[in-house]
$ cat protein.txt   # compact mmCIF, C-alpha atoms
# COMPACT_ATOMS: atom_id res chain seq x y z
CA ALA M 1 51.13 -41.88 0.88
CA GLN M 2 52.48 -40.27 4.00
CA SER M 3 51.35 -41.38 7.42
CA VAL M 4 52.16 -40.87 11.09
CA THR M 5 52.16 -43.34 13.94
CA GLN M 6 51.68 -42.25 17.51
CA LEU M 7 52.94 -44.79 20.01
CA GLY M 8 50.79 -44.96 23.10
CA SER M 9 47.14 -44.00 22.95
CA HIS M 10 47.29 -43.04 26.63
CA VAL M 11 50.18 -41.52 28.54
CA SER M 12 50.15 -40.61 32.23
CA VAL M 13 52.80 -38.48 33.90
CA SER M 14 53.08 -36.89 37.30
CA GLU M 15 52.80 -33.15 37.63
CA GLY M 16 56.29 -31.68 37.23
CA ALA M 17 57.62 -34.70 35.35
CA LEU M 18 58.88 -34.85 31.79
CA VAL M 19 56.27 -35.23 29.08
CA LEU M 20 57.28 -37.33 26.05
CA LEU M 21 54.75 -38.09 23.32
CA ARG M 22 56.01 -40.15 20.41
CA CYS M 23 55.37 -39.67 16.71
CA ASN M 24 56.97 -41.47 13.79
CA TYR M 25 56.30 -40.55 10.21
CA SER M 26 56.41 -42.38 6.94
CA SER M 27 56.98 -40.26 3.88
CA SER M 28 58.87 -40.66 0.65
CA VAL M 29 59.89 -37.01 0.69
CA PRO M 30 60.85 -34.65 3.51
CA PRO M 31 57.54 -33.85 5.14
CA TYR M 32 56.08 -31.00 7.08
CA LEU M 33 55.16 -32.14 10.59
CA PHE M 34 52.80 -30.70 13.15
CA TRP M 35 51.59 -31.22 16.68
CA TYR M 36 48.08 -30.20 17.65
CA VAL M 37 46.36 -30.26 21.03
CA GLN M 38 42.66 -30.76 21.63
CA TYR M 39 41.20 -29.87 24.99
CA PRO M 40 37.89 -31.45 25.99
CA ASN M 41 34.99 -30.22 23.87
CA GLN M 42 37.17 -27.85 21.89
CA GLY M 43 38.71 -27.69 18.43
CA LEU M 44 42.35 -28.28 17.64
CA GLN M 45 45.09 -25.82 18.50
CA LEU M 46 48.42 -25.74 16.69
CA LEU M 47 51.28 -26.35 19.14
CA LEU M 48 54.20 -26.27 16.72
CA LYS M 49 55.33 -27.14 13.20
CA TYR M 50 58.43 -28.35 11.40
CA THR M 51 58.94 -27.11 7.85
CA SER M 52 62.55 -28.04 7.08
CA ALA M 53 64.20 -25.17 8.95
CA ALA M 54 65.64 -25.80 12.43
CA THR M 55 65.26 -29.40 13.54
CA LEU M 56 64.42 -28.39 17.11
CA VAL M 57 61.13 -26.58 17.08
CA LYS M 58 59.72 -24.64 20.02
CA GLY M 59 56.02 -24.20 20.37
CA ILE M 60 53.48 -22.74 22.71
CA ASN M 61 52.93 -23.66 26.34
CA GLY M 62 56.55 -24.79 26.80
CA PHE M 63 56.38 -27.67 24.33
CA GLU M 64 59.07 -28.49 21.82
CA ALA M 65 59.74 -31.21 19.27
CA GLU M 66 62.82 -32.46 17.47
CA PHE M 67 62.83 -33.67 13.88
CA LYS M 68 65.15 -36.67 13.50
CA LYS M 69 65.38 -37.81 9.91
CA SER M 70 67.50 -40.86 10.74
CA GLU M 71 64.79 -42.09 13.10
CA THR M 72 61.83 -40.69 11.09
CA SER M 73 60.59 -39.25 14.36
CA PHE M 74 59.08 -36.01 15.62
CA HIS M 75 58.53 -36.57 19.34
CA LEU M 76 56.89 -33.90 21.49
CA THR M 77 58.40 -33.02 24.85
CA LYS M 78 57.86 -30.69 27.76
CA PRO M 79 60.31 -30.59 30.68
CA SER M 80 57.73 -30.19 33.43
CA ALA M 81 54.09 -31.25 33.13
CA HIS M 82 51.32 -29.03 34.39
CA MET M 83 47.77 -30.04 35.21
CA SER M 84 46.55 -27.83 32.36
CA ASP M 85 48.45 -30.00 29.86
CA ALA M 86 45.86 -32.76 30.20
CA ALA M 87 44.39 -33.11 26.70
CA GLU M 88 44.50 -35.14 23.48
CA TYR M 89 47.57 -34.60 21.32
CA PHE M 90 47.70 -35.27 17.59
CA CYS M 91 50.71 -35.54 15.34
CA ALA M 92 50.08 -34.68 11.68
CA VAL M 93 51.99 -34.69 8.41
CA SER M 94 51.72 -33.02 5.03
CA ASP M 95 53.88 -33.22 1.97
CA LEU M 96 55.62 -30.23 0.45
CA GLY M 97 53.20 -28.65 -1.99
CA ASN M 98 50.18 -30.41 -0.51
CA GLU M 99 48.50 -28.68 2.38
CA LYS M 100 46.21 -31.56 3.32
CA LEU M 101 46.96 -32.99 6.74
CA THR M 102 47.10 -36.66 7.68
CA PHE M 103 46.63 -37.16 11.40
CA GLY M 104 47.87 -39.81 13.78
CA THR M 105 45.47 -41.62 16.06
CA GLY M 106 46.17 -39.30 18.97
CA THR M 107 47.60 -39.65 22.47
CA ARG M 108 45.55 -38.81 25.53
CA LEU M 109 47.78 -37.21 28.16
CA THR M 110 46.75 -37.50 31.79
CA ILE M 111 48.54 -35.55 34.51
CA ILE M 112 48.70 -37.14 37.94
CA PRO M 113 48.64 -34.64 40.83
CA SER B 1 45.53 -16.37 13.87
CA ALA B 2 42.17 -16.37 12.14
CA VAL B 3 39.07 -16.59 14.30
CA ILE B 4 36.82 -19.40 13.09
CA SER B 5 33.28 -19.99 14.24
CA GLN B 6 30.93 -22.86 13.51
CA LYS B 7 27.17 -23.17 13.80
CA PRO B 8 25.59 -25.08 15.33
CA SER B 9 27.98 -26.10 18.07
CA ARG B 10 26.02 -29.28 18.60
CA ASP B 11 22.82 -30.91 17.41
CA ILE B 12 20.80 -34.05 17.83
CA CYS B 13 19.11 -35.17 14.63
CA GLN B 14 16.89 -38.02 13.53
CA ARG B 15 18.05 -40.51 10.96
CA GLY B 16 17.10 -39.71 7.42
CA THR B 17 17.26 -35.96 7.91
CA SER B 18 19.97 -33.50 6.84
CA LEU B 19 22.00 -30.93 8.74
CA THR B 20 23.90 -27.97 7.34
CA ILE B 21 26.94 -26.81 9.28
CA GLN B 22 28.25 -23.30 8.80
CA CYS B 23 31.86 -22.17 9.06
CA GLN B 24 32.68 -18.46 9.26
CA VAL B 25 36.19 -16.97 9.24
CA ASP B 26 37.04 -13.42 10.24
CA SER B 27 39.48 -12.96 7.34
CA GLN B 28 39.63 -13.95 3.68
CA VAL B 29 41.22 -17.34 3.09
CA THR B 30 41.74 -19.31 -0.08
CA MET B 31 41.67 -22.84 1.22
CA MET B 32 39.15 -24.30 3.65
CA PHE B 33 38.91 -27.89 4.74
CA TRP B 34 36.23 -30.04 6.36
CA TYR B 35 37.17 -32.88 8.71
CA ARG B 36 35.26 -35.55 10.55
CA GLN B 37 36.24 -36.87 13.97
CA GLN B 38 34.31 -39.98 14.88
CA PRO B 39 33.92 -40.80 18.58
CA GLY B 40 37.29 -41.61 20.12
CA GLN B 41 39.00 -41.40 16.74
CA SER B 42 41.39 -39.13 14.94
CA LEU B 43 40.51 -36.60 12.25
CA THR B 44 39.76 -37.61 8.70
CA LEU B 45 39.68 -35.12 5.86
CA ILE B 46 36.34 -35.02 4.06
CA ALA B 47 37.03 -32.41 1.39
CA THR B 48 38.86 -29.28 0.37
CA ALA B 49 36.71 -26.26 -0.44
CA ASN B 50 38.13 -23.48 -2.57
CA GLN B 51 36.10 -20.45 -3.49
CA GLY B 52 34.91 -20.46 -7.07
CA SER B 53 35.41 -24.14 -7.72
CA GLU B 54 33.85 -27.46 -6.83
CA ALA B 55 34.97 -29.06 -3.61
CA THR B 56 37.51 -31.85 -3.87
CA TYR B 57 36.49 -34.95 -1.94
CA GLU B 58 38.73 -37.54 -0.33
CA SER B 59 38.39 -41.23 -0.92
CA GLY B 60 35.31 -42.57 0.83
CA PHE B 61 33.40 -39.28 0.80
CA VAL B 62 30.97 -38.25 -1.94
CA ILE B 63 29.23 -35.04 -2.87
CA ASP B 64 25.74 -36.52 -2.61
CA LYS B 65 26.32 -37.35 1.04
CA PHE B 66 28.40 -34.30 2.00
CA PRO B 67 27.58 -31.37 -0.32
CA ILE B 68 29.74 -28.32 0.31
CA SER B 69 29.27 -24.70 -0.61
CA ARG B 70 31.93 -21.98 -0.69
CA PRO B 71 30.19 -18.79 -1.79
CA ASN B 72 32.99 -16.41 -0.73
CA LEU B 73 36.41 -16.25 0.91
CA THR B 74 35.11 -16.14 4.49
CA PHE B 75 32.30 -18.71 4.55
CA SER B 76 31.56 -22.34 3.81
CA THR B 77 28.85 -24.88 4.59
CA LEU B 78 28.92 -28.64 4.88
CA THR B 79 25.67 -30.59 4.69
CA VAL B 80 25.40 -34.07 6.11
CA SER B 81 22.61 -35.67 4.11
CA ASN B 82 20.27 -38.57 4.83
CA MET B 83 21.91 -39.10 8.19
CA SER B 84 22.40 -42.41 9.94
CA PRO B 85 23.80 -43.09 13.43
CA GLU B 86 27.19 -43.76 11.80
CA ASP B 87 27.35 -40.06 10.94
CA SER B 88 27.50 -39.16 14.63
CA SER B 89 30.80 -37.29 14.83
CA ILE B 90 32.43 -33.97 15.41
CA TYR B 91 32.72 -32.00 12.18
CA LEU B 92 35.46 -29.38 12.01
CA CYS B 93 36.36 -26.79 9.45
CA SER B 94 39.86 -25.44 9.08
CA VAL B 95 41.73 -22.81 7.11
CA ILE B 96 45.28 -22.25 5.95
CA GLU B 97 46.59 -18.95 7.25
CA ARG B 98 50.35 -18.76 7.00
CA SER B 99 52.39 -21.24 5.06
CA TYR B 100 51.16 -24.68 5.98
CA GLU B 101 49.65 -23.48 9.27
CA GLN B 102 46.16 -24.89 9.52
CA TYR B 103 43.72 -23.51 12.09
CA PHE B 104 40.55 -25.21 13.21
CA GLY B 105 37.12 -24.14 14.22
CA PRO B 106 35.61 -25.33 17.52
CA GLY B 107 33.70 -28.13 15.81
CA THR B 108 30.07 -29.19 15.52
CA ARG B 109 29.11 -32.20 17.62
CA LEU B 110 26.45 -34.19 15.79
CA THR B 111 24.44 -37.02 17.29
CA VAL B 112 22.11 -38.99 15.04
CA THR B 113 19.38 -41.02 16.71
$ encode --input "protein.txt" --output "structure tokens"
Amino acid sequence: AQSVTQLGSHVSVSEGALVLLRCNYSSSVPPYLFWYVQYPNQGLQLLLKYTSAATLVKGINGFEAEFKKSETSFHLTKPSAHMSDAAEYFCAVSDLGNEKLTFGTGTRLTIIP
Amino acid sequence: SAVISQKPSRDICQRGTSLTIQCQVDSQVTMMFWYRQQPGQSLTLIATANQGSEATYESGFVIDKFPISRPNLTFSTLTVSNMSPEDSSIYLCSVIERSYEQYFGPGTRLTVT
């Protein structure tokens, strides 16, 4: 069964600094990969998805992620952190032909003024 | 993207009682999902609800505990039956809109005392 591992349950970065949230997947077939963000007391919002097209995927709010098959990774980055980026971020995976999502344990991003 | 609403947004219930959570979508969708997010945890899929068929439950979840209805293409309910404090969680519904893009409702925050 496919799974994702998010390294770092808590990440703190200074405002204006690079954001890097790590996600590694385990799947026997090329997966579909997603990043979601959850703001306090809200549902999940889709940031971006990888579905076997371009390996560099751009999402909303200035975030992007790169699919690296050799490293089985799908790390999320943003060049310059903003205070409004403070939230919980979840990486998720699904297999081709199966639309059920398996989520990672999440990374709480804190922005330091 | 689809607009998804859930009722109630939050509730405090006594153990042994049941709560029915409603999920309403502003467009017709084939697949709907119900997830549970326990305090400080990631999301776990409870079941897939397709209109016109019985819900499909994931390992560890049973129909007697979490009965689901899907009377039409815009609505679903999840009932949490015979509740215990361990059922205190956020319950979220989601839908598939475009290919493999899953969108979530705002969630129902349940506290069982």
$ interface_residues --input "protein.txt" --of "chain B" --to "chain M" --cutoff "9 Å" --atoms "all atoms listed in the file" --output "ChimeraX atom specification"
/B:33,41-45,48,92,96,99-107,109
$ closest_residue --input "protein.txt" --among "M:Ser9, M:Asn61, M:Gln2, M:Ser80" --to "Val37 in chain M" --atoms "only C-alpha atoms"
M:Asn61
$ residues_around --input "protein.txt" --residues "Leu109 in chain M" --least-positions-apart "2" --cutoff "8 Å" --atoms "all atoms listed in the file" --output "ChimeraX atom specification"
/M:10-13,85-89,107,111
$ residues_around --input "protein.txt" --residues "Thr108 in chain B" --least-positions-apart "6" --cutoff "6 Å" --atoms "all atoms listed in the file" --output "number ranges by chain"
B: 9-10, 90-91
$ atom_distance --input "protein.txt" --atom1 "CA of Ala53 in chain M" --atom2 "CA of Pro30 in chain M"
11.4 Å
$ residues_around --input "protein.txt" --residues "Ile21 in chain B" --least-positions-apart "5" --cutoff "9 Å" --atoms "only C-alpha atoms" --output "PyMOL selection string"
chain B and resi 6-9+76-80+91+108
$ atom_distance --input "protein.txt" --atom1 "CA of Glu97 in chain B" --atom2 "CA of Phe74 in chain M"
22.7 Å
